[in-house]
$ cat work-v1.tsv   # TSV, C-alpha atoms
chain	number	residue	atom	x	y	z
P	14	MET	CA	31.44	-8.17	-18.76
P	15	SER	CA	27.69	-7.88	-18.23
P	16	ALA	CA	26.48	-4.93	-16.18
P	17	PRO	CA	24.77	-5.70	-12.85
P	18	HIS	CA	21.00	-5.67	-12.51
P	19	PRO	CA	19.61	-2.22	-11.55
P	20	ARG	CA	18.59	-3.43	-8.09
P	21	GLN	CA	22.18	-4.54	-7.43
P	22	ALA	CA	23.89	-1.55	-9.02
P	23	LEU	CA	21.79	1.29	-7.68
P	24	PHE	CA	21.25	0.36	-4.05
P	25	ASP	CA	23.92	-0.18	-1.43
P	26	PRO	CA	24.09	-3.46	0.53
P	27	GLY	CA	21.84	-3.21	3.56
P	28	GLU	CA	20.11	-0.10	2.25
P	29	VAL	CA	16.43	0.12	3.10
P	30	ALA	CA	14.53	-0.74	-0.07
P	31	ALA	CA	11.16	0.70	-0.97
P	32	GLY	CA	8.24	-1.64	-0.44
P	33	ASP	CA	6.90	-3.42	-3.52
P	34	LEU	CA	3.11	-3.37	-3.12
P	35	PRO	CA	0.26	-2.77	-5.57
P	36	VAL	CA	-0.71	0.90	-5.78
P	37	CYS	CA	-4.36	0.34	-4.81
P	38	ASP	CA	-5.80	-1.29	-1.68
P	39	HIS	CA	-9.50	-2.10	-2.11
P	40	TYR	CA	-11.59	-2.59	1.05
P	41	SER	CA	-14.69	-4.75	1.20
P	42	GLY	CA	-16.60	-6.24	4.12
P	43	VAL	CA	-19.95	-7.59	2.88
P	44	GLU	CA	-19.82	-11.12	1.49
P	45	ALA	CA	-21.32	-10.34	-1.91
P	46	ARG	CA	-18.99	-7.37	-2.36
P	47	MET	CA	-15.96	-9.31	-1.16
P	48	ARG	CA	-16.63	-11.95	-3.80
P	49	LYS	CA	-17.13	-9.31	-6.49
P	50	SER	CA	-13.85	-7.67	-5.45
P	51	LEU	CA	-12.03	-10.95	-5.97
P	52	GLU	CA	-13.69	-11.32	-9.37
P	53	LEU	CA	-12.49	-7.84	-10.33
P	54	GLN	CA	-8.96	-8.68	-9.18
P	55	ALA	CA	-9.03	-11.83	-11.31
P	56	GLU	CA	-10.04	-9.65	-14.28
P	57	LEU	CA	-7.52	-6.81	-13.82
P	58	GLY	CA	-4.64	-8.80	-12.35
P	59	PRO	CA	-2.62	-8.11	-9.20
P	60	VAL	CA	-2.51	-4.35	-9.76
P	61	PHE	CA	-4.57	-3.90	-6.59
P	62	ASP	CA	-4.90	-5.68	-3.26
P	63	VAL	CA	-8.17	-6.80	-1.73
P	64	THR	CA	-8.54	-6.22	2.01
P	65	LEU	CA	-11.35	-8.24	3.57
P	66	ASP	CA	-12.75	-6.21	6.44
P	67	CYS	CA	-13.28	-7.99	9.76
P	68	GLU	CA	-13.70	-4.68	11.59
P	69	ASP	CA	-16.42	-2.59	9.93
P	70	GLY	CA	-17.63	-5.47	7.78
P	71	ALA	CA	-18.54	-7.82	10.62
P	72	PRO	CA	-22.10	-7.66	12.01
P	73	VAL	CA	-22.29	-7.11	15.77
P	74	GLY	CA	-22.47	-10.52	17.38
P	75	GLY	CA	-21.29	-12.23	14.19
P	76	GLU	CA	-17.61	-11.33	14.37
P	77	ALA	CA	-16.37	-14.92	14.69
P	78	GLU	CA	-18.42	-16.14	11.73
P	79	HIS	CA	-17.25	-13.20	9.63
P	80	ALA	CA	-13.59	-13.97	10.38
P	81	LEU	CA	-14.19	-17.56	9.27
P	82	LEU	CA	-15.73	-16.33	6.02
P	83	CYS	CA	-12.74	-14.06	5.36
P	84	ALA	CA	-10.33	-16.93	6.00
P	85	GLU	CA	-12.26	-19.16	3.61
P	86	LEU	CA	-12.10	-16.50	0.88
P	87	VAL	CA	-8.36	-16.06	1.34
P	88	MET	CA	-7.87	-19.80	0.87
P	89	SER	CA	-10.33	-20.11	-2.01
P	90	ALA	CA	-9.55	-20.38	-5.71
P	91	ALA	CA	-10.90	-16.83	-6.07
P	92	ASN	CA	-7.64	-15.60	-4.50
P	93	ARG	CA	-5.72	-16.11	-7.73
P	94	PHE	CA	-2.65	-13.98	-7.02
P	95	GLY	CA	-2.08	-14.26	-3.27
P	96	ARG	CA	-2.82	-10.55	-2.87
P	97	VAL	CA	-5.67	-10.72	-0.36
P	98	GLY	CA	-5.26	-9.37	3.16
P	99	ALA	CA	-7.59	-8.67	6.06
P	100	ARG	CA	-8.32	-5.89	8.53
P	101	VAL	CA	-8.81	-7.13	12.07
P	102	HIS	CA	-10.45	-5.39	15.04
P	103	PRO	CA	-8.38	-2.95	17.12
P	104	VAL	CA	-6.04	-4.62	19.58
P	105	GLU	CA	-8.16	-3.69	22.62
P	106	HIS	CA	-11.38	-5.04	21.04
P	107	PRO	CA	-12.63	-8.41	22.40
P	108	SER	CA	-12.66	-9.86	18.86
P	109	PHE	CA	-9.06	-8.99	18.03
P	110	GLY	CA	-7.55	-12.24	19.31
P	111	ASN	CA	-10.15	-14.42	17.60
P	112	ASP	CA	-9.71	-12.50	14.32
P	113	VAL	CA	-5.97	-13.09	14.36
P	114	ASP	CA	-6.16	-16.72	15.44
P	115	THR	CA	-8.84	-17.58	12.87
P	116	LEU	CA	-7.17	-15.82	9.97
P	117	LEU	CA	-3.70	-17.15	10.71
P	118	GLY	CA	-4.85	-20.59	11.76
P	119	ARG	CA	-6.97	-21.15	8.67
P	120	ALA	CA	-5.41	-18.85	6.06
P	121	GLY	CA	-1.92	-17.90	7.26
P	122	ALA	CA	-0.29	-19.72	4.36
P	123	ARG	CA	-1.87	-17.36	1.79
P	124	LEU	CA	-2.74	-14.22	3.74
P	125	ALA	CA	-0.97	-11.24	2.15
P	126	TYR	CA	-1.04	-9.05	5.29
P	127	LEU	CA	-3.00	-8.09	8.38
P	128	MET	CA	-4.14	-4.49	8.86
P	129	LEU	CA	-4.17	-3.09	12.42
P	130	PRO	CA	-6.72	-0.27	12.87
P	131	LYS	CA	-6.75	2.45	15.50
P	132	PRO	CA	-3.48	1.86	17.37
P	133	ARG	CA	-3.09	4.56	20.01
P	134	GLY	CA	0.67	4.50	19.62
P	135	LEU	CA	3.70	2.26	19.29
P	136	ALA	CA	2.75	0.20	22.36
P	137	ASP	CA	-0.48	-0.93	20.71
P	138	VAL	CA	1.39	-1.91	17.55
P	139	GLN	CA	3.95	-3.88	19.57
P	140	ARG	CA	1.21	-5.65	21.54
P	141	ALA	CA	-0.67	-6.56	18.35
P	142	VAL	CA	2.47	-7.77	16.58
P	143	GLU	CA	3.44	-9.93	19.56
P	144	HIS	CA	0.03	-11.62	19.41
P	145	ILE	CA	0.29	-12.08	15.64
P	146	ASP	CA	3.77	-13.56	15.82
P	147	HIS	CA	2.73	-15.87	18.65
P	148	ALA	CA	-0.17	-17.13	16.52
P	149	ILE	CA	2.19	-17.65	13.59
P	150	ARG	CA	4.44	-19.83	15.80
P	151	VAL	CA	1.49	-21.75	17.25
P	152	HIS	CA	0.10	-22.56	13.82
P	153	GLY	CA	3.51	-23.50	12.46
P	154	HIS	CA	3.70	-21.03	9.59
P	155	GLY	CA	7.14	-20.62	8.12
P	156	ARG	CA	6.48	-17.06	6.99
P	157	ALA	CA	6.06	-13.83	8.90
P	158	VAL	CA	2.76	-12.46	7.60
P	159	PRO	CA	3.32	-8.73	6.92
P	160	VAL	CA	1.61	-6.22	9.19
P	161	HIS	CA	0.08	-2.91	8.11
P	162	ALA	CA	-1.00	-0.16	10.50
P	163	LEU	CA	-3.71	2.47	10.20
P	164	VAL	CA	-2.77	5.85	11.69
P	165	GLU	CA	-5.95	7.65	12.74
P	166	THR	CA	-5.37	8.66	16.36
P	167	HIS	CA	-3.38	11.47	17.96
P	168	GLY	CA	-1.05	8.99	19.66
P	169	ALA	CA	-0.29	7.03	16.52
P	170	LEU	CA	0.51	10.21	14.59
P	171	ARG	CA	2.74	11.42	17.43
P	172	GLU	CA	4.72	8.14	17.26
P	173	VAL	CA	4.44	7.49	13.53
P	174	ASP	CA	8.20	7.47	12.97
P	175	ALA	CA	8.66	4.77	15.61
P	176	ILE	CA	5.76	2.78	14.15
P	177	ALA	CA	7.28	3.01	10.67
P	178	ALA	CA	10.62	1.87	12.08
P	179	HIS	CA	9.10	-1.31	13.54
P	180	PRO	CA	10.62	-4.23	11.60
P	181	ARG	CA	7.28	-6.04	11.19
P	182	ILE	CA	5.45	-3.07	9.67
P	183	GLU	CA	5.23	-3.13	5.86
P	184	SER	CA	2.85	-0.22	5.20
P	185	ILE	CA	1.10	2.61	7.03
P	186	SER	CA	-2.28	3.98	5.96
P	187	PHE	CA	-3.86	7.29	6.92
P	188	GLY	CA	-7.36	7.06	8.43
P	189	LEU	CA	-8.86	10.38	7.42
P	190	MET	CA	-12.37	10.03	8.83
P	191	ASP	CA	-11.41	8.91	12.33
P	192	PHE	CA	-8.53	11.40	12.43
P	193	VAL	CA	-10.90	14.29	11.73
P	194	SER	CA	-13.44	12.95	14.23
P	195	ALA	CA	-10.73	12.71	16.89
P	196	HIS	CA	-10.52	16.51	16.87
P	197	ARG	CA	-14.07	16.78	18.31
P	198	GLY	CA	-15.37	19.28	15.78
P	199	ALA	CA	-12.25	21.44	15.65
P	200	ILE	CA	-11.67	20.28	12.07
P	201	PRO	CA	-14.71	20.92	9.85
P	202	ALA	CA	-16.46	18.21	7.86
P	203	SER	CA	-15.19	19.84	4.66
P	204	ALA	CA	-11.72	18.48	5.53
P	205	MET	CA	-13.03	14.99	4.81
P	206	SER	CA	-13.95	15.88	1.22
P	207	ALA	CA	-11.91	15.02	-1.85
P	208	GLU	CA	-10.61	18.58	-2.08
P	209	GLY	CA	-10.71	19.78	1.52
P	210	GLN	CA	-8.49	16.98	2.81
P	211	PHE	CA	-5.60	18.51	0.86
P	212	THR	CA	-6.07	22.06	2.15
P	213	HIS	CA	-6.77	21.85	5.89
P	214	PRO	CA	-3.44	22.40	7.69
P	215	LEU	CA	-3.88	19.69	10.35
P	216	VAL	CA	-4.85	17.07	7.79
P	217	ARG	CA	-2.02	18.08	5.47
P	218	ARG	CA	0.42	17.82	8.39
P	219	ALA	CA	-0.77	14.31	9.22
P	220	LYS	CA	-0.46	13.15	5.62
P	221	LEU	CA	3.03	14.57	5.24
P	222	GLU	CA	4.32	13.14	8.53
P	223	ILE	CA	3.05	9.65	7.63
P	224	ALA	CA	4.59	9.78	4.16
P	225	ALA	CA	7.92	11.10	5.45
P	226	ALA	CA	8.14	8.43	8.18
P	227	CYS	CA	7.38	5.66	5.70
P	228	HIS	CA	9.99	6.77	3.19
P	229	ALA	CA	12.61	7.17	5.91
P	230	HIS	CA	12.18	3.52	6.90
P	231	GLY	CA	11.44	1.92	3.53
P	232	LYS	CA	7.74	1.37	4.24
P	233	VAL	CA	4.80	1.98	1.91
P	234	PRO	CA	2.62	5.05	2.66
P	235	SER	CA	-1.00	4.36	1.75
P	236	HIS	CA	-3.33	7.32	1.16
P	237	CYS	CA	-6.80	7.63	2.64
P	238	VAL	CA	-10.20	7.25	1.07
P	239	VAL	CA	-12.22	9.54	-1.16
P	240	THR	CA	-15.81	9.06	-0.04
P	241	GLU	CA	-17.38	10.71	-3.10
P	242	PHE	CA	-17.07	7.34	-4.83
P	243	LYS	CA	-19.15	8.26	-7.87
P	244	ASP	CA	-17.12	11.39	-8.66
P	245	LEU	CA	-14.27	9.78	-10.55
P	246	ARG	CA	-12.88	13.13	-11.66
P	247	ALA	CA	-12.45	14.23	-8.04
P	248	LEU	CA	-10.97	10.83	-7.23
P	249	ALA	CA	-8.45	11.08	-10.05
P	250	ALA	CA	-7.42	14.55	-8.91
P	251	ALA	CA	-7.02	13.38	-5.30
P	252	ALA	CA	-5.02	10.30	-6.28
P	253	THR	CA	-2.75	12.39	-8.49
P	254	ARG	CA	-2.11	14.90	-5.69
P	255	ALA	CA	-1.50	12.08	-3.20
P	256	GLY	CA	1.18	10.60	-5.43
P	257	ARG	CA	2.74	13.69	-6.98
P	258	GLU	CA	2.60	16.16	-4.09
P	259	PHE	CA	2.37	14.13	-0.88
P	260	GLY	CA	4.64	11.19	-1.64
P	261	TYR	CA	2.10	8.37	-1.35
P	262	THR	CA	2.68	5.23	-3.41
P	263	ARG	CA	-0.57	3.45	-2.57
P	264	MET	CA	-4.20	4.47	-1.98
P	265	TRP	CA	-7.41	3.03	-0.59
P	266	SER	CA	-10.45	2.18	-2.68
P	267	ILE	CA	-13.87	1.73	-1.08
P	268	HIS	CA	-15.89	1.05	-4.23
P	269	PRO	CA	-15.03	-1.18	-7.21
P	270	ASP	CA	-15.48	1.77	-9.59
P	271	GLN	CA	-12.56	3.51	-7.86
P	272	VAL	CA	-9.95	0.83	-8.53
P	273	ARG	CA	-9.16	1.57	-12.18
P	274	THR	CA	-9.03	5.32	-11.57
P	275	ILE	CA	-6.55	4.95	-8.70
P	276	VAL	CA	-4.32	2.55	-10.63
P	277	GLU	CA	-4.29	4.89	-13.63
P	278	ALA	CA	-3.49	7.92	-11.47
P	279	PHE	CA	-0.49	6.21	-9.87
P	280	ALA	CA	0.81	4.78	-13.14
P	281	PRO	CA	3.58	6.68	-14.95
P	282	GLY	CA	2.74	7.98	-18.40
P	283	ALA	CA	3.98	6.11	-21.45
P	284	ALA	CA	6.44	8.89	-22.32
P	285	GLU	CA	7.83	8.91	-18.77
P	286	THR	CA	8.27	5.14	-18.81
P	287	ASP	CA	9.92	5.19	-22.24
P	288	LEU	CA	12.37	7.88	-21.11
P	289	ALA	CA	13.22	5.93	-17.96
P	290	ILE	CA	13.92	2.78	-19.98
P	291	GLU	CA	16.12	4.68	-22.45
P	292	ILE	CA	18.21	6.19	-19.67
P	293	LEU	CA	18.53	2.95	-17.73
P	294	ARG	CA	19.54	0.97	-20.80
P	295	ALA	CA	22.23	3.52	-21.64
P	296	ALA	CA	23.41	3.55	-18.03
P	297	GLN	CA	23.59	-0.23	-17.87
P	298	ALA	CA	25.57	-0.28	-21.13
P	299	ALA	CA	27.99	2.18	-19.47
P	300	GLN	CA	28.33	-0.11	-16.42
P	301	TRP	CA	26.28	2.44	-14.44
P	302	ALA	CA	28.86	5.21	-14.90
P	303	PRO	CA	27.55	8.76	-15.55
P	304	ILE	CA	26.09	9.32	-19.01
P	305	ARG	CA	24.81	12.13	-21.20
P	306	HIS	CA	21.27	11.65	-22.54
P	307	ARG	CA	19.57	14.30	-24.68
P	308	ASP	CA	22.06	16.89	-23.44
P	309	THR	CA	21.33	16.10	-19.80
P	310	LEU	CA	23.83	14.46	-17.45
P	311	HIS	CA	22.71	11.49	-15.39
P	312	ASP	CA	24.34	9.41	-12.65
P	313	ARG	CA	23.30	6.92	-9.97
P	314	ALA	CA	21.02	9.45	-8.27
P	315	SER	CA	18.83	9.96	-11.32
P	316	TYR	CA	19.15	6.29	-12.29
P	317	ARG	CA	17.54	5.37	-8.98
P	318	TYR	CA	14.62	7.68	-9.71
P	319	PHE	CA	14.09	6.28	-13.19
P	320	TRP	CA	14.31	2.72	-11.88
P	321	GLN	CA	11.42	3.53	-9.55
P	322	VAL	CA	9.45	4.79	-12.56
P	323	VAL	CA	9.92	1.46	-14.31
P	324	GLU	CA	9.05	-0.44	-11.13
P	325	ARG	CA	5.86	1.60	-10.81
P	326	ALA	CA	4.97	0.88	-14.43
P	327	ARG	CA	5.31	-2.83	-13.70
P	328	ARG	CA	3.21	-2.62	-10.52
P	329	THR	CA	0.40	-0.83	-12.36
P	330	GLY	CA	0.32	-3.31	-15.23
P	331	GLN	CA	1.72	-0.95	-17.86
P	332	PRO	CA	3.11	-2.61	-21.02
P	333	LEU	CA	6.89	-2.96	-20.96
P	334	PRO	CA	9.09	-4.11	-23.85
P	335	ALA	CA	9.50	-7.87	-23.76
P	336	GLU	CA	13.29	-7.63	-23.53
P	337	VAL	CA	13.03	-5.23	-20.58
P	338	ARG	CA	10.58	-7.44	-18.71
P	339	GLN	CA	12.69	-10.51	-19.38
P	340	ALA	CA	16.01	-8.91	-18.38
P	341	TRP	CA	14.85	-6.95	-15.34
P	342	PHE	CA	11.79	-8.69	-13.92
P	343	ASP	CA	11.49	-12.28	-15.14
P	344	ALA	CA	15.00	-13.40	-14.29
$ encode --input "work-v1.tsv" --output "C-alpha cells"
Amino acid sequence: MSAPHPRQALFDPGEVAAGDLPVCDHYSGVEARMRKSLELQAELGPVFDVTLDCEDGAPVGGEAEHALLCAELVMSAANRFGRVGARVHPVEHPSFGNDVDTLLGRAGARLAYLMLPKPRGLADVQRAVEHIDHAIRVHGHGRAVPVHALVETHGALREVDAIAAHPRIESISFGLMDFVSAHRGAIPASAMSAEGQFTHPLVRRAKLEIAAACHAHGKVPSHCVVTEFKDLRALAAAATRAGREFGYTRMWSIHPDQVRTIVEAFAPGAAETDLAIEILRAAQAAQWAPIRHRDTLHDRASYRYFWQVVERARRTGQPLPAEVRQAWFDA
C-alpha cells in the first residue's frame, strides 16, 4: 500500500491551509521599471511576484492611462508565469472604480491579485471586495481574482483579525511608512529604519498582530519595506528577522536589487531542507506513524513543520532531488 501524499496525510479535511505565494512581492510603478521588473522575473523565475502600482505609480491626472498600461503589461508576453498583480487606489479614491474595472475588464484572466491600500477597517475591505466581485461577474471571468489588503491605518489594525478572516482575502501586508505617519509624530522617524522598525513597541505590536491574524486564518503575512535599498546587509538582517522572529512568509521589495536578497533570506538552508526530506521520506515509508530519526522522535506535528520547510524550498527555487520533486510536486 502506498503512503498518502504529505498534503493529504498531514492536514485534516477542511483544515485551513497556509497560502502558497512567492516569498517576495516586488513593487514597481514607472513604466520603464515595470518592464525591467518583468524581465528580472523572467530571468529568476516565479520566486517573486511583480505588483504593478496604480496608486503611487500613476501621475496625477493620468490615472486612467496608467491603469490601461498596467493591464496591457499583465496580458503581455512579458508576464511569463502569471504572477503579476496590481495595487489599485484606496476604495474612497475617485480612481478606485476605474482601476478595478480596467484591470479586470482587460486583464482579469491573468491578473494574479489586486492589492487594496489604506482600508480604514473591515467595512472598507468589504466595500472594495463587493466592487471587485461585481466587476468579475460583469466581465464574465470564471475565476475569483485573489484580493490582498494593506494594513496601515489604526482602524485596519484594530480589525485585522476580521480582515484576515474574510474569505476573499489571500494575503495581508504591513504598511510601515503610513502606519508610523498615522501616529502624528508620536513614533519617531527611526522606527521606519531597517533596524528601528523591529524595536519600537508600537511597530512591533502591529507586525505581530498582523502575522498572528494571518496564520490563524490561513492567510499569507507580507512584511513591510526596507527603504535603505542599497544596504543589502541591513535588508538581509531585516528579512531574516521578519521570517524567523515575526512569522512573516513574504516581504516587499521596492528595488530590483532587493529581490535576490529577500528570496535568499526566506529560503531554508540546504542542511535544513535535506533534514526535512530525510524525515518526511522515513515518515512516509512508515505510513506517517511516529518514527525515530537520529535519536529524536517525530510524529505528525513535526512532520507538518518539515513539510513547510520543503514547500518553502520549492517556493524559493531551491534545488530538490528529482525524485522528491516528481513524487511531491509534479504529480
$ residues_around --input "work-v1.tsv" --residues "Ala249 of chain P" --least-positions-apart "6" --cutoff "8 Å" --atoms "all atoms listed in the file" --output "number ranges by chain"
P: 274-275, 278
$ residues_around --input "work-v1.tsv" --residues "Ser184 of chain P" --least-positions-apart "2" --cutoff "6 Å" --atoms "all atoms listed in the file" --output "ChimeraX atom specification"
/P:161,182,232-234
$ closest_atom_pairs --input "work-v1.tsv" --of "segment 199-287 of chain P" --to "segment 30-45 of chain P" --cutoff "8 Å" --atoms "all atoms listed in the file" --output "Markdown table"
| residue | atom | partner | partner_atom | distance |
| --- | --- | --- | --- | --- |
| P:His228 | CA | P:Ala31 | CA | 7.5 |
| P:Gly231 | CA | P:Ala31 | CA | 4.7 |
| P:Lys232 | CA | P:Gly32 | CA | 5.6 |
| P:Val233 | CA | P:Gly32 | CA | 5.5 |
| P:Thr262 | CA | P:Val36 | CA | 6.0 |
| P:Arg263 | CA | P:Val36 | CA | 4.1 |
| P:Met264 | CA | P:Cys37 | CA | 5.0 |
| P:Trp265 | CA | P:Asp38 | CA | 4.7 |
| P:Ser266 | CA | P:His39 | CA | 4.4 |
| P:Ile267 | CA | P:Tyr40 | CA | 5.3 |
| P:His268 | CA | P:His39 | CA | 7.4 |
| P:Pro269 | CA | P:His39 | CA | 7.6 |
| P:Val272 | CA | P:Cys37 | CA | 6.7 |
| P:Ile275 | CA | P:Cys37 | CA | 6.4 |
| P:Val276 | CA | P:Cys37 | CA | 6.2 |
| P:Phe279 | CA | P:Val36 | CA | 6.7 |
$ residues_around --input "work-v1.tsv" --residues "Pro19 of chain P" --least-positions-apart "5" --cutoff "9 Å" --atoms "all atoms listed in the file" --output "count of residues only"
8
$ closest_residue --input "work-v1.tsv" --among "P:Ala99, P:Ala226, P:Ile292, P:Val73" --to "Arg171 of chain P" --atoms "all atoms listed in the file"
P:Ala226
$ atom_distance --input "work-v1.tsv" --atom1 "atom CA of Ser206 of chain P" --atom2 "atom CA of Arg325 of chain P"
27.2 Å
$ closest_residue --input "work-v1.tsv" --among "P:Leu82, P:Val138, P:Ala199, P:Ala296" --to "His311 of chain P" --atoms "all atoms listed in the file"
P:Ala296
$ atom_distance --input "work-v1.tsv" --atom1 "atom CA of Met128 of chain P" --atom2 "atom CA of Arg100 of chain P"
4.4 Å
$ residues_around --input "work-v1.tsv" --residues "Ser315 of chain P" --least-positions-apart "3" --cutoff "12 Å" --atoms "only C-alpha atoms" --output "CSV table (one decimal) with C-alpha atoms, keeping the file's coordinate frame"
chain,number,residue,atom,x,y,z
P,23,LEU,CA,21.8,1.3,-7.7
P,288,LEU,CA,12.4,7.9,-21.1
P,289,ALA,CA,13.2,5.9,-18.0
P,292,ILE,CA,18.2,6.2,-19.7
P,293,LEU,CA,18.5,3.0,-17.7
P,296,ALA,CA,23.4,3.6,-18.0
P,301,TRP,CA,26.3,2.4,-14.4
P,302,ALA,CA,28.9,5.2,-14.9
P,303,PRO,CA,27.6,8.8,-15.6
P,304,ILE,CA,26.1,9.3,-19.0
P,305,ARG,CA,24.8,12.1,-21.2
P,306,HIS,CA,21.3,11.6,-22.5
P,309,THR,CA,21.3,16.1,-19.8
P,310,LEU,CA,23.8,14.5,-17.4
P,311,HIS,CA,22.7,11.5,-15.4
P,312,ASP,CA,24.3,9.4,-12.6
P,318,TYR,CA,14.6,7.7,-9.7
P,319,PHE,CA,14.1,6.3,-13.2
P,320,TRP,CA,14.3,2.7,-11.9
P,321,GLN,CA,11.4,3.5,-9.6
P,322,VAL,CA,9.4,4.8,-12.6
$ build_atoms --input "work-v1.tsv" --residues "segment 265-279 of chain P" --atoms "N, CA, C and O atoms" --output "PDB file, keeping the file's coordinate frame"
ATOM      1  N   TRP P 265      -6.233   3.844  -0.866  1.00  0.00           N
ATOM      2  CA  TRP P 265      -7.410   3.030  -0.590  1.00  0.00           C
ATOM      3  C   TRP P 265      -8.493   3.228  -1.643  1.00  0.00           C
ATOM      4  O   TRP P 265      -8.710   4.336  -2.141  1.00  0.00           O
ATOM      5  N   SER P 266      -9.210   2.150  -1.912  1.00  0.00           N
ATOM      6  CA  SER P 266     -10.450   2.180  -2.680  1.00  0.00           C
ATOM      7  C   SER P 266     -11.551   1.614  -1.802  1.00  0.00           C
ATOM      8  O   SER P 266     -11.338   0.624  -1.099  1.00  0.00           O
ATOM      9  N   ILE P 267     -12.743   2.248  -1.857  1.00  0.00           N
ATOM     10  CA  ILE P 267     -13.870   1.730  -1.080  1.00  0.00           C
ATOM     11  C   ILE P 267     -15.048   1.365  -1.973  1.00  0.00           C
ATOM     12  O   ILE P 267     -16.125   1.024  -1.471  1.00  0.00           O
ATOM     13  N   HIS P 268     -14.854   1.441  -3.271  1.00  0.00           N
ATOM     14  CA  HIS P 268     -15.890   1.050  -4.230  1.00  0.00           C
ATOM     15  C   HIS P 268     -15.195   0.490  -5.459  1.00  0.00           C
ATOM     16  O   HIS P 268     -14.170   1.039  -5.894  1.00  0.00           O
ATOM     17  N   PRO P 269     -15.713  -0.587  -6.053  1.00  0.00           N
ATOM     18  CA  PRO P 269     -15.030  -1.180  -7.210  1.00  0.00           C
ATOM     19  C   PRO P 269     -14.775  -0.190  -8.355  1.00  0.00           C
ATOM     20  O   PRO P 269     -13.771  -0.314  -9.060  1.00  0.00           O
ATOM     21  N   ASP P 270     -15.668   0.800  -8.509  1.00  0.00           N
ATOM     22  CA  ASP P 270     -15.480   1.770  -9.590  1.00  0.00           C
ATOM     23  C   ASP P 270     -14.244   2.643  -9.370  1.00  0.00           C
ATOM     24  O   ASP P 270     -13.774   3.302 -10.313  1.00  0.00           O
ATOM     25  N   GLN P 271     -13.716   2.668  -8.138  1.00  0.00           N
ATOM     26  CA  GLN P 271     -12.560   3.510  -7.860  1.00  0.00           C
ATOM     27  C   GLN P 271     -11.237   2.858  -8.245  1.00  0.00           C
ATOM     28  O   GLN P 271     -10.229   3.548  -8.418  1.00  0.00           O
ATOM     29  N   VAL P 272     -11.219   1.550  -8.381  1.00  0.00           N
ATOM     30  CA  VAL P 272      -9.950   0.830  -8.530  1.00  0.00           C
ATOM     31  C   VAL P 272      -9.202   1.276  -9.777  1.00  0.00           C
ATOM     32  O   VAL P 272      -8.020   1.653  -9.720  1.00  0.00           O
ATOM     33  N   ARG P 273      -9.851   1.218 -10.933  1.00  0.00           N
ATOM     34  CA  ARG P 273      -9.160   1.570 -12.180  1.00  0.00           C
ATOM     35  C   ARG P 273      -8.640   2.998 -12.156  1.00  0.00           C
ATOM     36  O   ARG P 273      -7.530   3.274 -12.622  1.00  0.00           O
ATOM     37  N   THR P 274      -9.440   3.913 -11.615  1.00  0.00           N
ATOM     38  CA  THR P 274      -9.030   5.320 -11.570  1.00  0.00           C
ATOM     39  C   THR P 274      -7.784   5.500 -10.718  1.00  0.00           C
ATOM     40  O   THR P 274      -6.861   6.249 -11.086  1.00  0.00           O
ATOM     41  N   ILE P 275      -7.720   4.834  -9.569  1.00  0.00           N
ATOM     42  CA  ILE P 275      -6.550   4.950  -8.700  1.00  0.00           C
ATOM     43  C   ILE P 275      -5.317   4.360  -9.370  1.00  0.00           C
ATOM     44  O   ILE P 275      -4.237   4.961  -9.361  1.00  0.00           O
ATOM     45  N   VAL P 276      -5.463   3.184  -9.962  1.00  0.00           N
ATOM     46  CA  VAL P 276      -4.320   2.550 -10.630  1.00  0.00           C
ATOM     47  C   VAL P 276      -3.801   3.446 -11.758  1.00  0.00           C
ATOM     48  O   VAL P 276      -2.586   3.649 -11.908  1.00  0.00           O
ATOM     49  N   GLU P 277      -4.706   4.010 -12.529  1.00  0.00           N
ATOM     50  CA  GLU P 277      -4.290   4.890 -13.630  1.00  0.00           C
ATOM     51  C   GLU P 277      -3.595   6.144 -13.119  1.00  0.00           C
ATOM     52  O   GLU P 277      -2.621   6.610 -13.705  1.00  0.00           O
ATOM     53  N   ALA P 278      -4.088   6.701 -12.011  1.00  0.00           N
ATOM     54  CA  ALA P 278      -3.490   7.920 -11.470  1.00  0.00           C
ATOM     55  C   ALA P 278      -2.074   7.680 -10.956  1.00  0.00           C
ATOM     56  O   ALA P 278      -1.213   8.563 -11.058  1.00  0.00           O
ATOM     57  N   PHE P 279      -1.814   6.507 -10.412  1.00  0.00           N
ATOM     58  CA  PHE P 279      -0.490   6.210  -9.870  1.00  0.00           C
ATOM     59  C   PHE P 279       0.465   5.640 -10.926  1.00  0.00           C
ATOM     60  O   PHE P 279       1.660   5.510 -10.661  1.00  0.00           O
TER      61      PHE P 279
END
